[in-house]
$ cat final_17.cif   # mmCIF, C-alpha atoms
data_upload
#
loop_
_atom_site.group_PDB
_atom_site.id
_atom_site.type_symbol
_atom_site.label_atom_id
_atom_site.label_comp_id
_atom_site.auth_asym_id
_atom_site.auth_seq_id
_atom_site.Cartn_x
_atom_site.Cartn_y
_atom_site.Cartn_z
ATOM 1 C CA ALA R 1 -50.010 -46.371 30.582
ATOM 2 C CA GLY R 2 -46.304 -45.941 29.964
ATOM 3 C CA ASN R 3 -44.456 -44.312 32.842
ATOM 4 C CA MET R 4 -47.532 -42.571 34.211
ATOM 5 C CA LYS R 5 -48.651 -43.653 37.638
ATOM 6 C CA GLU R 6 -51.982 -42.745 39.120
ATOM 7 C CA MET R 7 -52.905 -43.447 42.699
ATOM 8 C CA ILE R 8 -56.399 -43.456 44.123
ATOM 9 C CA THR R 9 -56.762 -43.334 47.873
ATOM 10 C CA LEU R 10 -59.838 -43.971 49.968
ATOM 11 C CA ASP R 11 -60.535 -41.749 52.933
ATOM 12 C CA THR R 12 -63.311 -43.376 54.896
ATOM 13 C CA ASN R 13 -63.272 -41.171 57.954
ATOM 14 C CA GLY R 14 -66.749 -40.714 59.305
ATOM 15 C CA PHE R 15 -68.202 -38.669 62.087
ATOM 16 C CA GLY R 16 -65.724 -37.318 64.596
ATOM 17 C CA GLY R 17 -62.760 -38.662 62.595
ATOM 18 C CA LYS R 18 -63.682 -42.274 63.349
ATOM 19 C CA LYS R 19 -63.173 -44.845 60.608
ATOM 20 C CA LEU R 20 -66.377 -45.850 58.855
ATOM 21 C CA ASP R 21 -67.469 -49.430 58.614
ATOM 22 C CA PRO R 22 -66.614 -50.369 54.983
ATOM 23 C CA ASN R 23 -70.266 -51.373 54.521
ATOM 24 C CA HIS R 24 -71.670 -48.029 55.691
ATOM 25 C CA PRO R 25 -73.543 -46.372 52.795
ATOM 26 C CA MET R 26 -71.194 -43.362 52.908
ATOM 27 C CA ALA R 27 -68.127 -45.625 52.655
ATOM 28 C CA ILE R 28 -69.735 -47.541 49.781
ATOM 29 C CA ALA R 29 -70.400 -44.275 47.952
ATOM 30 C CA ILE R 30 -66.731 -43.296 48.350
ATOM 31 C CA GLN R 31 -65.560 -46.717 47.174
ATOM 32 C CA TYR R 32 -67.849 -46.700 44.116
ATOM 33 C CA HIS R 33 -66.821 -43.124 43.266
ATOM 34 C CA GLU R 34 -63.129 -44.052 43.276
ATOM 35 C CA CYS R 35 -63.834 -47.231 41.314
ATOM 36 C CA ALA R 36 -65.663 -45.031 38.797
ATOM 37 C CA HIS R 37 -62.450 -43.080 38.198
ATOM 38 C CA ILE R 38 -60.682 -46.301 37.239
ATOM 39 C CA LEU R 39 -63.485 -47.089 34.784
ATOM 40 C CA GLN R 40 -63.283 -43.540 33.384
ATOM 41 C CA TYR R 41 -59.536 -43.845 32.820
ATOM 42 C CA ARG R 42 -59.959 -47.175 31.057
ATOM 43 C CA ALA R 43 -62.796 -45.957 28.809
ATOM 44 C CA TYR R 44 -60.746 -42.921 27.778
ATOM 45 C CA LYS R 45 -57.530 -44.948 27.432
ATOM 46 C CA TYR R 46 -55.784 -42.886 30.122
ATOM 47 C CA ASP R 47 -56.111 -39.687 28.067
ATOM 48 C CA PHE R 48 -56.916 -37.498 31.058
ATOM 49 C CA ALA R 49 -57.235 -34.284 29.034
ATOM 50 C CA LYS R 50 -59.766 -35.897 26.679
ATOM 51 C CA LEU R 51 -61.658 -37.363 29.645
ATOM 52 C CA ASP R 52 -61.869 -33.970 31.354
ATOM 53 C CA ARG R 53 -62.973 -32.183 28.166
ATOM 54 C CA ARG R 54 -65.686 -34.743 27.469
ATOM 55 C CA MET R 55 -66.938 -34.900 31.045
ATOM 56 C CA ASP R 56 -67.126 -31.099 31.235
ATOM 57 C CA ALA R 57 -69.151 -31.150 27.988
ATOM 58 C CA VAL R 58 -71.560 -33.809 29.297
ATOM 59 C CA TYR R 59 -71.824 -32.661 32.908
ATOM 60 C CA GLY R 60 -70.859 -29.019 32.785
ATOM 61 C CA LYS R 61 -68.692 -27.497 35.453
ATOM 62 C CA PRO R 62 -70.725 -27.421 38.651
ATOM 63 C CA ARG R 63 -69.561 -24.970 41.277
ATOM 64 C CA THR R 64 -68.346 -27.806 43.471
ATOM 65 C CA ALA R 65 -66.425 -29.987 41.017
ATOM 66 C CA ALA R 66 -65.363 -30.499 37.441
ATOM 67 C CA GLY R 67 -67.359 -32.763 35.154
ATOM 68 C CA THR R 68 -65.029 -35.705 35.771
ATOM 69 C CA GLU R 69 -65.879 -35.695 39.478
ATOM 70 C CA HIS R 70 -69.586 -35.199 38.849
ATOM 71 C CA MET R 71 -69.495 -38.126 36.397
ATOM 72 C CA ALA R 72 -67.819 -40.312 39.042
ATOM 73 C CA ASP R 73 -70.620 -39.419 41.468
ATOM 74 C CA CYS R 74 -73.271 -40.299 38.877
ATOM 75 C CA MET R 75 -71.448 -43.522 38.040
ATOM 76 C CA ALA R 76 -71.493 -44.377 41.756
ATOM 77 C CA VAL R 77 -75.257 -43.760 41.805
ATOM 78 C CA ALA R 78 -75.675 -45.941 38.709
ATOM 79 C CA MET R 79 -73.779 -48.687 40.565
ATOM 80 C CA GLY R 80 -76.169 -48.407 43.518
ATOM 81 C CA ALA R 81 -74.557 -45.877 45.860
ATOM 82 C CA LYS R 82 -76.520 -43.390 47.932
ATOM 83 C CA LEU R 83 -74.964 -39.922 48.054
ATOM 84 C CA SER R 84 -76.733 -38.862 51.229
ATOM 85 C CA GLY R 85 -78.514 -40.318 54.190
ATOM 86 C CA SER R 86 -79.438 -39.827 57.811
ATOM 87 C CA GLU R 87 -78.900 -41.948 60.867
ATOM 88 C CA HIS R 88 -80.204 -41.587 64.360
ATOM 89 C CA ASP R 89 -77.905 -42.114 67.325
ATOM 90 C CA ALA R 90 -80.123 -43.481 70.080
ATOM 91 C CA LYS R 91 -77.421 -42.910 72.680
ATOM 92 C CA SER R 92 -77.096 -39.166 72.049
ATOM 93 C CA GLY R 93 -80.574 -38.596 70.639
ATOM 94 C CA TYR R 94 -79.156 -36.777 67.609
ATOM 95 C CA THR R 95 -79.858 -37.495 63.964
ATOM 96 C CA ARG R 96 -76.903 -36.945 61.678
ATOM 97 C CA THR R 97 -77.137 -36.344 57.970
ATOM 98 C CA TRP R 98 -74.179 -37.313 55.811
ATOM 99 C CA TYR R 99 -73.280 -36.481 52.224
ATOM 100 C CA ALA R 100 -70.864 -38.209 49.876
ATOM 101 C CA GLY R 101 -69.558 -36.882 46.594
ATOM 102 C CA TYR R 102 -69.198 -33.413 45.198
ATOM 103 C CA GLY R 103 -72.825 -32.381 44.948
ATOM 104 C CA GLY R 104 -74.904 -31.747 41.895
ATOM 105 C CA LYS R 105 -77.851 -33.665 40.562
ATOM 106 C CA CYS R 106 -77.584 -36.779 38.407
ATOM 107 C CA THR R 107 -80.175 -36.291 35.689
ATOM 108 C CA PRO R 108 -81.481 -39.208 33.617
ATOM 109 C CA GLN R 109 -79.127 -38.103 30.812
ATOM 110 C CA HIS R 110 -76.191 -38.059 33.236
ATOM 111 C CA LEU R 111 -77.023 -41.577 34.392
ATOM 112 C CA THR R 112 -77.250 -42.789 30.777
ATOM 113 C CA SER R 113 -73.764 -41.396 30.110
ATOM 114 C CA ALA R 114 -72.516 -42.895 33.384
ATOM 115 C CA ARG R 115 -73.764 -46.350 32.375
ATOM 116 C CA LYS R 116 -71.927 -46.043 29.025
ATOM 117 C CA VAL R 117 -68.635 -45.375 30.775
ATOM 118 C CA ILE R 118 -69.268 -48.200 33.251
ATOM 119 C CA ALA R 119 -69.677 -50.453 30.199
ATOM 120 C CA GLY R 120 -66.301 -49.271 28.874
ATOM 121 C CA LYS R 121 -67.610 -46.867 26.246
ATOM 122 C CA GLN R 122 -66.901 -43.183 25.910
ATOM 123 C CA ALA R 123 -69.819 -40.899 26.723
#
$ encode --input "final_17.cif" --output "structure tokens"
Amino acid sequence: AGNMKEMITLDTNGFGGKKLDPNHPMAIAIQYHECAHILQYRAYKYDFAKLDRRMDAVYGKPRTAAGTEHMADCMAVAMGAKLSGSEHDAKSGYTRTWYAGYGGKCTPQHLTSARKVIAGKQA
């Protein structure tokens, strides 16, 4: 939009700073979350202030993130991402739990709003 440039980067570092397989559920959650931001920007015609105001109204301001970030997490869930999981390492015997996103619960109402934005509509 005009001269404005936005850049979205993907940090897919996993356990111990090792790169995650792009198909690991945590990496997929990160990818879908960042994709969700692109869909948010398009739905709100790159009016970032309006997007933030509306997302804070729909999602509130959780302690961990503003509404825009919570919406991106819920959009990722609506697209099929898992925001947490566990995996057992047979070699070490340890089970590791991982979390993606900013936390907060995606209620049915949140997911309905997320699907609207995915479809290109404002929530």
$ residues_around --input "final_17.cif" --residues "R:Gln40" --least-positions-apart "4" --cutoff "8 Å" --atoms "all atoms listed in the file" --output "PDB file with C-alpha atoms, in the frame of the given file"
ATOM      1  CA  ALA R  36     -65.663 -45.031  38.797  1.00  0.00           C
ATOM      2  CA  TYR R  44     -60.746 -42.921  27.778  1.00  0.00           C
ATOM      3  CA  LEU R  51     -61.658 -37.363  29.645  1.00  0.00           C
ATOM      4  CA  ALA R  72     -67.819 -40.312  39.042  1.00  0.00           C
ATOM      5  CA  VAL R 117     -68.635 -45.375  30.775  1.00  0.00           C
ATOM      6  CA  ILE R 118     -69.268 -48.200  33.251  1.00  0.00           C
ATOM      7  CA  GLY R 120     -66.301 -49.271  28.874  1.00  0.00           C
TER       8      GLY R 120
END
$ resolve_selection --input "final_17.cif" --expression "the PyMOL selection byres ((chain R and resi 91-102) around 8)" --output "list in words"
Met26, Ala29, Ile30, His33, Thr64, Ala65, Glu69, His70, Asp73, Lys82, Leu83, Ser84, Gly85, Ser86, Glu87, His88, Asp89, Ala90, Gly103 and Gly104 of chain R
$ resolve_selection --input "final_17.cif" --expression "the PyMOL selection byres ((chain R and resi 119) around 12)" --output "ChimeraX atom specification"
/R:36,39-40,42-44,75,78-79,112-118,120-123
$ closest_residue --input "final_17.cif" --among "R:Pro108, R:Pro22, R:Gly80, R:Gly67" --to "R:His37" --atoms "all atoms listed in the file"
R:Gly67
$ atom_distance --input "final_17.cif" --atom1 "atom CA of R:Pro25" --atom2 "atom CA of R:Asp52"
27.4 Å
$ axis_aligned_box --input "final_17.cif" --around "stretch 100-106 of chain R" --padding-each-side "4 Å" --output "JSON"
{"center_x": -73.5, "center_y": -35.0, "center_z": 44.1, "size_x": 16.7, "size_y": 14.5, "size_z": 19.5}
$ atom_distance --input "final_17.cif" --atom1 "atom CA of R:Val77" --atom2 "atom CA of R:Ala27"
13.1 Å
$ atom_distance --input "final_17.cif" --atom1 "atom CA of R:Gln31" --atom2 "atom CA of R:Met55"
20.0 Å
$ closest_residue --input "final_17.cif" --among "R:Ala66, R:Met71, R:Ala57, R:His110" --to "R:Cys35" --atoms "all atoms listed in the file"
R:Met71
$ closest_residue --input "final_17.cif" --among "R:Ala49, R:Ile38, R:Leu20, R:Tyr59" --to "R:Cys74" --atoms "all atoms listed in the file"
R:Tyr59
$ build_atoms --input "final_17.cif" --residues "stretch 25-59 of chain R" --atoms "N, CA and C atoms" --output "compact mmCIF listing (two decimals), keeping the file's coordinate frame"
# COMPACT_ATOMS: atom_id res chain seq x y z
N PRO R 25 -73.20 -46.95 54.10
CA PRO R 25 -73.54 -46.37 52.80
C PRO R 25 -72.61 -45.24 52.35
N MET R 26 -72.11 -44.44 53.29
CA MET R 26 -71.19 -43.36 52.91
C MET R 26 -69.87 -43.95 52.41
N ALA R 27 -69.37 -44.98 53.09
CA ALA R 27 -68.13 -45.62 52.66
C ALA R 27 -68.31 -46.29 51.30
N ILE R 28 -69.46 -46.91 51.08
CA ILE R 28 -69.74 -47.54 49.78
C ILE R 28 -69.76 -46.49 48.68
N ALA R 29 -70.37 -45.35 48.95
CA ALA R 29 -70.40 -44.28 47.95
C ALA R 29 -68.99 -43.82 47.60
N ILE R 30 -68.13 -43.69 48.59
CA ILE R 30 -66.73 -43.30 48.35
C ILE R 30 -66.03 -44.37 47.52
N GLN R 31 -66.21 -45.62 47.89
CA GLN R 31 -65.56 -46.72 47.17
C GLN R 31 -66.02 -46.78 45.72
N TYR R 32 -67.33 -46.66 45.49
CA TYR R 32 -67.85 -46.70 44.12
C TYR R 32 -67.37 -45.50 43.31
N HIS R 33 -67.30 -44.33 43.95
CA HIS R 33 -66.82 -43.12 43.27
C HIS R 33 -65.38 -43.33 42.79
N GLU R 34 -64.53 -43.84 43.66
CA GLU R 34 -63.13 -44.05 43.28
C GLU R 34 -63.00 -45.16 42.23
N CYS R 35 -63.79 -46.18 42.35
CA CYS R 35 -63.83 -47.23 41.31
C CYS R 35 -64.25 -46.63 39.97
N ALA R 36 -65.20 -45.69 40.02
CA ALA R 36 -65.66 -45.03 38.80
C ALA R 36 -64.52 -44.32 38.08
N HIS R 37 -63.60 -43.73 38.85
CA HIS R 37 -62.45 -43.08 38.20
C HIS R 37 -61.63 -44.10 37.41
N ILE R 38 -61.43 -45.27 37.96
CA ILE R 38 -60.68 -46.30 37.24
C ILE R 38 -61.40 -46.64 35.93
N LEU R 39 -62.72 -46.78 35.99
CA LEU R 39 -63.48 -47.09 34.78
C LEU R 39 -63.43 -45.94 33.78
N GLN R 40 -63.42 -44.69 34.28
CA GLN R 40 -63.28 -43.54 33.38
C GLN R 40 -61.94 -43.59 32.66
N TYR R 41 -60.88 -43.82 33.42
CA TYR R 41 -59.54 -43.84 32.82
C TYR R 41 -59.44 -44.92 31.76
N ARG R 42 -60.00 -46.08 32.03
CA ARG R 42 -59.96 -47.18 31.06
C ARG R 42 -60.75 -46.83 29.81
N ALA R 43 -61.96 -46.28 29.97
CA ALA R 43 -62.80 -45.96 28.81
C ALA R 43 -62.13 -44.91 27.92
N TYR R 44 -61.40 -43.98 28.53
CA TYR R 44 -60.75 -42.92 27.78
C TYR R 44 -59.26 -43.21 27.55
N LYS R 45 -58.89 -44.47 27.72
CA LYS R 45 -57.53 -44.95 27.43
C LYS R 45 -56.45 -44.08 28.07
N TYR R 46 -56.71 -43.66 29.30
CA TYR R 46 -55.78 -42.89 30.12
C TYR R 46 -55.42 -41.53 29.51
N ASP R 47 -56.27 -41.03 28.62
CA ASP R 47 -56.11 -39.69 28.07
C ASP R 47 -56.90 -38.75 28.97
N PHE R 48 -56.23 -38.27 30.03
CA PHE R 48 -56.92 -37.50 31.06
C PHE R 48 -57.46 -36.17 30.52
N ALA R 49 -56.75 -35.55 29.60
CA ALA R 49 -57.24 -34.28 29.03
C ALA R 49 -58.52 -34.52 28.25
N LYS R 50 -58.56 -35.58 27.45
CA LYS R 50 -59.77 -35.90 26.68
C LYS R 50 -60.92 -36.23 27.62
N LEU R 51 -60.64 -37.01 28.66
CA LEU R 51 -61.66 -37.36 29.64
C LEU R 51 -62.24 -36.09 30.26
N ASP R 52 -61.38 -35.20 30.73
CA ASP R 52 -61.87 -33.97 31.35
C ASP R 52 -62.69 -33.12 30.39
N ARG R 53 -62.22 -32.98 29.16
CA ARG R 53 -62.97 -32.18 28.17
C ARG R 53 -64.36 -32.78 27.94
N ARG R 54 -64.41 -34.09 27.76
CA ARG R 54 -65.69 -34.74 27.47
C ARG R 54 -66.62 -34.70 28.68
N MET R 55 -66.09 -34.92 29.85
CA MET R 55 -66.94 -34.90 31.04
C MET R 55 -67.47 -33.50 31.32
N ASP R 56 -66.64 -32.47 31.07
CA ASP R 56 -67.13 -31.10 31.24
C ASP R 56 -68.22 -30.80 30.22
N ALA R 57 -68.12 -31.37 29.01
CA ALA R 57 -69.15 -31.15 27.99
C ALA R 57 -70.45 -31.85 28.38
N VAL R 58 -70.37 -33.05 28.92
CA VAL R 58 -71.56 -33.81 29.30
C VAL R 58 -72.17 -33.27 30.58
N TYR R 59 -71.34 -32.99 31.57
CA TYR R 59 -71.82 -32.66 32.91
C TYR R 59 -71.73 -31.19 33.26
